[in-house]
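Data file: target-v2.txt. Format and content: compact mmCIF, C-alpha atoms and all ligand atoms.
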# COMPACT_ATOMS: atom_id res chain seq x y z
CA MET R 1 7.73 6.23 21.89
CA SER R 2 8.90 3.17 19.96
CA LEU R 3 6.32 0.99 21.76
CA ASN R 4 3.59 3.21 20.31
CA VAL R 5 4.95 2.83 16.79
CA GLU R 6 5.12 -0.95 17.12
CA ALA R 7 1.59 -1.15 18.52
CA LEU R 8 0.33 1.01 15.67
CA PHE R 9 1.91 -1.22 13.00
CA LYS R 10 0.56 -4.32 14.73
CA ASN R 11 -2.96 -2.92 14.42
CA ILE R 12 -2.39 -1.88 10.80
CA TRP R 13 -1.07 -5.41 10.06
CA GLN R 14 -4.05 -7.17 11.68
CA GLN R 15 -6.53 -5.03 9.78
CA TYR R 16 -4.64 -5.69 6.50
CA LEU R 17 -4.69 -9.46 7.13
CA SER R 18 -8.45 -9.35 7.71
CA VAL R 19 -8.96 -8.48 4.00
CA THR R 20 -5.80 -10.19 2.63
CA PRO R 21 -5.90 -13.87 3.58
CA SER R 22 -3.05 -14.73 1.20
CA ALA R 23 -0.66 -12.44 3.12
CA ASP R 24 -1.07 -14.56 6.24
CA LYS R 25 -0.19 -17.74 4.29
CA ILE R 26 2.80 -16.11 2.57
CA HIS R 27 4.01 -14.70 5.86
CA GLN R 28 4.08 -18.23 7.32
CA LEU R 29 5.67 -19.65 4.17
CA LEU R 30 8.58 -17.19 4.16
CA SER R 31 9.14 -16.70 7.87
CA SER R 32 9.53 -20.33 8.96
CA GLY R 33 8.69 -19.24 12.48
CA ASP R 34 10.90 -16.14 12.68
CA ASP R 35 9.55 -12.62 12.59
CA LEU R 36 9.82 -10.93 9.20
CA ILE R 37 11.14 -7.41 8.81
CA ASN R 38 8.94 -5.12 6.73
CA ASP R 39 10.73 -2.97 4.19
CA HIS R 40 7.74 -0.65 3.88
CA VAL R 41 4.02 -0.22 4.30
CA ALA R 42 2.00 1.74 1.72
CA PHE R 43 -1.10 3.91 2.06
CA ARG R 44 -3.34 5.57 -0.51
CA THR R 45 -5.37 8.75 -0.17
CA PHE R 46 -7.06 11.63 -2.01
CA ASN R 47 -5.32 15.03 -2.24
CA ILE R 48 -8.29 16.76 -0.56
CA ALA R 49 -6.97 18.76 2.43
CA LYS R 50 -9.05 16.90 5.06
CA VAL R 51 -7.40 13.54 4.26
CA ASN R 52 -4.39 14.37 2.06
CA LEU R 53 -0.90 12.87 2.17
CA GLU R 54 0.28 15.44 4.72
CA SER R 55 -2.62 14.71 7.08
CA LEU R 56 -1.81 10.99 7.03
CA ALA R 57 1.91 11.70 7.41
CA GLU R 58 1.29 13.76 10.55
CA HIS R 59 0.57 10.55 12.48
CA LEU R 60 3.95 9.14 11.47
CA ILE R 61 5.89 12.34 12.03
CA GLU R 62 4.52 12.43 15.60
CA LEU R 63 6.04 8.98 16.06
CA GLY R 64 9.49 9.98 14.82
CA TYR R 65 9.24 9.50 11.05
CA LYS R 66 10.87 11.96 8.63
CA GLU R 67 10.05 12.76 5.01
CA CYS R 68 12.82 11.33 2.79
CA GLY R 69 11.69 11.32 -0.86
CA GLN R 70 9.08 12.58 -3.35
CA TYR R 71 7.67 10.86 -6.44
CA HIS R 72 5.26 11.75 -9.24
CA PHE R 73 3.13 9.46 -11.43
CA GLU R 74 1.73 11.50 -14.31
CA LEU R 75 -0.46 8.88 -16.01
CA LYS R 76 -1.93 7.52 -12.78
CA LYS R 77 -2.47 11.13 -11.54
CA LEU R 78 -0.59 10.47 -8.30
CA ASP R 79 1.97 12.15 -6.10
CA ALA R 80 3.82 10.28 -3.36
CA LYS R 81 6.32 10.70 -0.55
CA HIS R 82 8.22 8.23 1.56
CA PHE R 83 9.06 8.46 5.24
CA GLU R 84 11.75 6.78 7.32
CA HIS R 85 12.25 6.24 11.04
CA SER R 86 15.63 6.44 12.79
CA ASN R 87 15.12 2.81 13.84
CA PRO R 88 15.98 0.90 10.62
CA GLU R 89 13.96 -2.14 11.77
CA LEU R 90 10.77 -0.08 11.53
CA PRO R 91 9.16 -0.09 8.07
CA LYS R 92 9.54 2.84 5.74
CA VAL R 93 6.13 4.29 4.85
CA PHE R 94 5.11 5.15 1.28
CA ILE R 95 2.06 7.43 1.00
CA SER R 96 0.53 8.36 -2.34
CA GLU R 97 -2.35 10.75 -3.07
CA LEU R 98 -4.67 10.99 -6.06
CA MET R 99 -4.95 14.37 -7.80
CA VAL R 100 -8.73 14.45 -7.62
CA GLU R 101 -9.06 17.64 -9.70
CA LYS R 102 -7.73 15.68 -12.71
CA LEU R 103 -10.75 13.33 -12.72
CA SER R 104 -14.16 14.00 -14.29
CA THR R 105 -16.79 16.08 -12.45
CA GLU R 106 -18.83 12.89 -11.97
CA ALA R 107 -15.95 11.15 -10.20
CA GLN R 108 -15.08 14.24 -8.17
CA ILE R 109 -18.66 14.45 -6.84
CA ILE R 110 -18.42 10.87 -5.52
CA ILE R 111 -15.01 11.45 -3.94
CA ASN R 112 -16.03 14.75 -2.33
CA ARG R 113 -19.11 13.07 -0.83
CA ILE R 114 -16.93 10.25 0.57
CA VAL R 115 -14.44 12.65 2.13
CA ALA R 116 -17.25 14.79 3.59
CA ASP R 117 -18.65 11.64 5.25
CA ILE R 118 -15.43 10.90 7.20
CA ASP R 119 -15.49 11.90 10.86
CA SER R 120 -12.79 14.55 11.48
CA ASN R 121 -12.08 13.12 14.94
CA LEU R 122 -11.22 9.79 13.36
CA ILE R 123 -8.80 11.45 10.93
CA SER R 124 -6.91 13.08 13.78
CA SER R 125 -6.51 9.75 15.60
CA ASN R 126 -3.86 7.09 14.80
CA GLU R 127 -6.72 4.63 14.35
CA PHE R 128 -7.48 6.36 11.06
CA LEU R 129 -4.58 4.40 9.51
CA TYR R 130 -6.48 1.13 10.05
CA SER R 131 -10.10 2.31 10.06
CA GLY R 132 -10.99 0.89 6.63
CA ARG R 133 -14.10 2.24 4.91
CA THR R 134 -16.36 4.34 7.14
CA TRP R 135 -18.75 5.54 4.40
CA GLU R 136 -21.37 3.96 2.19
CA LEU R 137 -20.66 3.15 -1.45
CA SER R 138 -22.87 1.78 -4.20
CA SER R 139 -21.65 -0.61 -6.87
CA GLN R 140 -22.55 2.05 -9.44
CA GLU R 141 -20.24 4.57 -7.75
CA TYR R 142 -17.52 1.91 -7.64
CA LYS R 143 -17.90 1.29 -11.38
CA THR R 144 -17.95 5.00 -12.20
CA LEU R 145 -14.64 5.48 -10.41
CA LEU R 146 -13.14 2.29 -11.87
CA LYS R 147 -13.65 3.57 -15.43
CA GLU R 148 -11.29 6.47 -14.73
CA SER R 149 -8.97 5.37 -11.97
CA GLU R 150 -8.44 1.92 -10.53
CA TYR R 151 -6.76 3.70 -7.60
CA ALA R 152 -9.87 5.82 -6.89
CA ALA R 153 -12.13 2.75 -7.01
CA TRP R 154 -9.83 0.81 -4.68
CA LEU R 155 -9.63 3.64 -2.14
CA ALA R 156 -13.39 4.30 -2.24
CA THR R 157 -14.00 0.59 -1.53
CA TRP R 158 -11.38 -0.18 1.10
CA GLY R 159 -10.75 3.17 2.72
CA TYR R 160 -7.92 3.92 5.09
CA GLN R 161 -5.73 0.92 5.71
CA ALA R 162 -2.43 -0.47 4.45
CA ASN R 163 -2.61 -1.07 0.71
CA HIS R 164 0.31 -3.47 1.08
CA PHE R 165 3.04 -4.62 3.42
CA THR R 166 6.46 -5.46 1.98
CA VAL R 167 8.80 -8.20 3.12
CA SER R 168 12.46 -7.15 3.31
CA VAL R 169 14.21 -9.89 1.33
CA ASN R 170 17.56 -8.60 2.69
CA HIS R 171 16.44 -9.80 6.12
CA LEU R 172 15.21 -13.28 5.09
CA ALA R 173 17.39 -16.05 6.48
CA GLN R 174 16.65 -18.65 3.80
CA TYR R 175 16.63 -16.56 0.62
CA THR R 176 19.20 -14.23 -0.87
CA ALA R 177 17.75 -13.44 -4.31
CA LEU R 178 14.30 -12.06 -5.08
CA GLU R 179 14.04 -14.69 -7.87
CA GLN R 180 14.13 -17.43 -5.20
CA VAL R 181 11.30 -15.81 -3.26
CA ASN R 182 9.23 -15.41 -6.43
CA GLN R 183 9.82 -19.05 -7.39
CA ARG R 184 8.75 -20.25 -3.94
CA LEU R 185 5.56 -18.18 -4.17
CA LYS R 186 4.70 -19.47 -7.64
CA ASP R 187 5.43 -23.06 -6.61
CA SER R 188 2.95 -22.54 -3.76
CA GLY R 189 0.25 -21.30 -6.15
CA PHE R 190 0.35 -17.53 -5.64
CA SER R 191 0.07 -15.26 -8.67
CA LEU R 192 2.58 -12.48 -9.14
CA ASN R 193 2.13 -9.09 -10.76
CA THR R 194 3.84 -9.41 -14.16
CA SER R 195 3.32 -5.80 -15.31
CA GLY R 196 6.77 -4.61 -16.33
CA GLY R 197 8.14 -8.12 -15.60
CA GLU R 198 7.97 -10.13 -12.39
CA ILE R 199 10.89 -8.15 -10.99
CA LYS R 200 10.70 -4.37 -11.21
CA GLY R 201 14.03 -2.54 -10.92
CA ASN R 202 17.56 -3.98 -10.80
CA VAL R 203 20.95 -3.64 -9.13
CA GLU R 204 21.67 -0.39 -11.06
CA VAL R 205 18.67 1.41 -9.52
CA MET R 206 19.55 -0.33 -6.20
CA LEU R 207 16.06 -1.73 -5.61
CA GLU R 208 14.33 -4.85 -6.91
CA GLN R 209 10.63 -5.37 -6.15
CA SER R 210 7.95 -7.96 -6.86
CA SER R 211 4.42 -8.41 -5.60
CA THR R 212 1.45 -10.74 -5.59
CA MET R 213 -1.79 -9.78 -7.30
CA ALA R 214 -4.35 -8.57 -4.76
CA ASP R 215 -6.77 -11.05 -3.21
CA SER R 216 -10.31 -10.98 -4.56
CA ILE R 217 -12.80 -10.37 -1.73
CA GLU R 218 -16.56 -10.10 -1.65
CA VAL R 219 -17.58 -6.56 -0.72
CA GLU R 220 -20.93 -5.32 0.52
CA PHE R 221 -22.03 -2.28 -1.50
CA THR R 222 -25.29 -0.47 -0.68
CA ASP R 223 -27.10 -2.19 -3.57
CA THR R 224 -25.29 -5.50 -4.09
CA GLN R 225 -22.21 -7.60 -3.36
CA LEU R 226 -19.24 -7.79 -5.71
CA LYS R 227 -15.89 -9.58 -5.62
CA VAL R 228 -13.22 -6.93 -5.99
CA PRO R 229 -9.42 -6.78 -5.48
CA SER R 230 -8.37 -6.02 -1.89
CA CYS R 231 -4.69 -5.85 -0.90
CA PHE R 232 -1.44 -7.51 -1.99
CA TYR R 233 1.95 -8.41 -0.53
CA GLU R 234 5.23 -7.00 -1.85
CA PHE R 235 8.86 -8.21 -1.65
CA ALA R 236 11.85 -5.88 -1.84
CA LYS R 237 15.57 -6.50 -2.16
CA ARG R 238 17.76 -3.44 -1.62
CA HIS R 239 21.28 -2.96 -2.98
CA PRO R 240 24.13 -0.75 -1.71
CA LYS R 241 24.82 2.79 -2.85
CA PRO R 242 28.41 3.65 -3.87
CA CYS R 243 29.11 4.61 -0.21
CA GLY R 244 28.25 1.06 0.85
CA ASN R 245 24.97 1.77 2.68
CA LEU R 246 21.80 0.21 1.31
CA TYR R 247 19.63 2.47 -0.85
CA THR R 248 16.53 3.45 1.15
CA GLY R 249 14.50 5.32 -1.48
CA PHE R 250 11.98 4.17 -4.06
CA VAL R 251 12.07 3.95 -7.87
CA ALA R 252 9.12 5.70 -9.53
CA ALA R 253 9.17 3.50 -12.68
CA SER R 254 8.89 0.38 -10.49
CA ALA R 255 6.30 1.80 -8.09
CA ASP R 256 4.22 2.73 -11.13
CA LYS R 257 3.91 -0.98 -12.02
CA ILE R 258 3.42 -2.10 -8.41
CA PHE R 259 0.27 0.10 -8.24
CA GLU R 260 -1.23 -2.27 -10.83
CA SER R 261 -1.24 -5.15 -8.31
CA THR R 262 -4.82 -4.13 -7.39
CA ASN R 263 -6.05 -4.33 -11.00
CA GLN R 264 -8.83 -6.83 -11.76
CA GLN R 265 -7.28 -10.12 -12.91
NI NI F 301 5.43 -0.87 -2.14
Do you think you could lay out the structure here as structure tokens?
Amino acid sequence: MSLNVEALFKNIWQQYLSVTPSADKIHQLLSSGDDLINDHVAFRTFNIAKVNLESLAEHLIELGYKECGQYHFELKKLDAKHFEHSNPELPKVFISELMVEKLSTEAQIIINRIVADIDSNLISSNEFLYSGRTWELSSQEYKTLLKESEYAAWLATWGYQANHFTVSVNHLAQYTALEQVNQRLKDSGFSLNTSGGEIKGNVEVMLEQSSTMADSIEVEFTDTQLKVPSCFYEFAKRHPKPCGNLYTGFVAASADKIFESTNQQ
């Protein structure tokens, strides 16, 4: 069973790298040859039954993951849950879903058309988690969605794939503080998400997070090509709970700012 999980994450990682060239460079920069441990991997979806959070989570639950936390983001119109595996070396998975009914009719029509275009057989296969975009999209549709929800525009453009991977700073041999990791990244020319400060969270909430801004990648729309934000890389340092074990949940106020890593720069 664990071989299957590892193979799945390998495929998700490769697909993520194919649209996130900076992640490959950062991975080499921080790992110095050793394998990095991922704190979590994040996915985005629409709350339409065919592709909703639960339907994505099914693939993970089959592989031994369990639901461990729920989150709500009122302004961004998102709900989210996180999942953990009994093997602590496997990444936690954070899945969010957009409350489509809260968008305009115009945006809902585009999203419903996209979801209708997805092959149901693909959704029921593990490959769905790294299938990318399997529908057509015009630059006009992209812009219509972007006006209302950066999240909707991102998902319509990139489809089903990791939105980000997250390095576990607790497992890095050469760094102890998140500040050190951030400094190394800035010294190497990477731009960090500064929304809510470079570091979101603190020791009190038992989780500190930072992230790069998403790479800008040329995308083929039906009518033209545009450079748009793809994916980003996140860094997480976890702190112990009063019982001594590391906190394994997420902090909604911090995640809210991390979502903005795919905003246009
Ligand atoms: Ni994250």
Compile a residue-level contact table for chain R against ligand NI 301 (chain F) at a cut-off of 7 Å, reporting for every qualifying residue the shortest atom pair and its distance in Å to one decimal, with all atoms listed in the file counted, rows ordered by chain and ascending number, as CSV.
residue,atom,partner,partner_atom,distance
R:His40,CA,F:NI301,NI,6.5
R:Val41,CA,F:NI301,NI,6.6
R:Ala42,CA,F:NI301,NI,5.8
R:Phe94,CA,F:NI301,NI,6.9
R:His164,CA,F:NI301,NI,6.6
R:Thr166,CA,F:NI301,NI,6.3
R:Glu234,CA,F:NI301,NI,6.1
R:Ala255,CA,F:NI301,NI,6.6
R:Ile258,CA,F:NI301,NI,6.7
TODO: Determine the nearest neighbour of Thr176 of chain R from the options R:Ile48, R:Ala236, R:Leu137, R:Leu155, counting only C-alpha atoms.
DONE: R:Ala236
Open item on the list: Restricting the calculation to only C-alpha atoms: of R:Pro242, R:Gly159, R:Pro21, R:Gly33, which residue gets closest to Ile111 of chain R?
Closed with: R:Gly159
Open item on the list: Just want the 12 Å neighbourhood of Met213 of chain R, counted on only C-alpha atoms, with same-chain residues fewer than 2 positions away dropped. Output as an MDAnalysis selection string.
Closed with: chainID R and resid 20 22:23 163:164 185:186 189:195 198 210:211 215:216 228:234 257:265
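Considering the residues R:Asp256, R:Glu127, R:Glu74, R:Asp223 and counting only C-alpha atoms, Gln15 of chain R has its shortest atom-to-atom contact with R:Glu127.
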Open item on the list: Could you list, as a PyMOL selection string, every residue within 9 Å of Val51 of chain R, counting all atoms listed in the file and ignoring same-chain residues fewer than 4 positions away?
Closed with: chain R and resi 45-47+55-56+115+118+123
Task: Closest of R:Phe250, R:Ser96, R:Leu29, R:Ser18 to Arg184 of chain R - atom-to-atom distances counting all atoms listed in the file - done: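 Under the stated criterion, the closest residue is R:Leu29.
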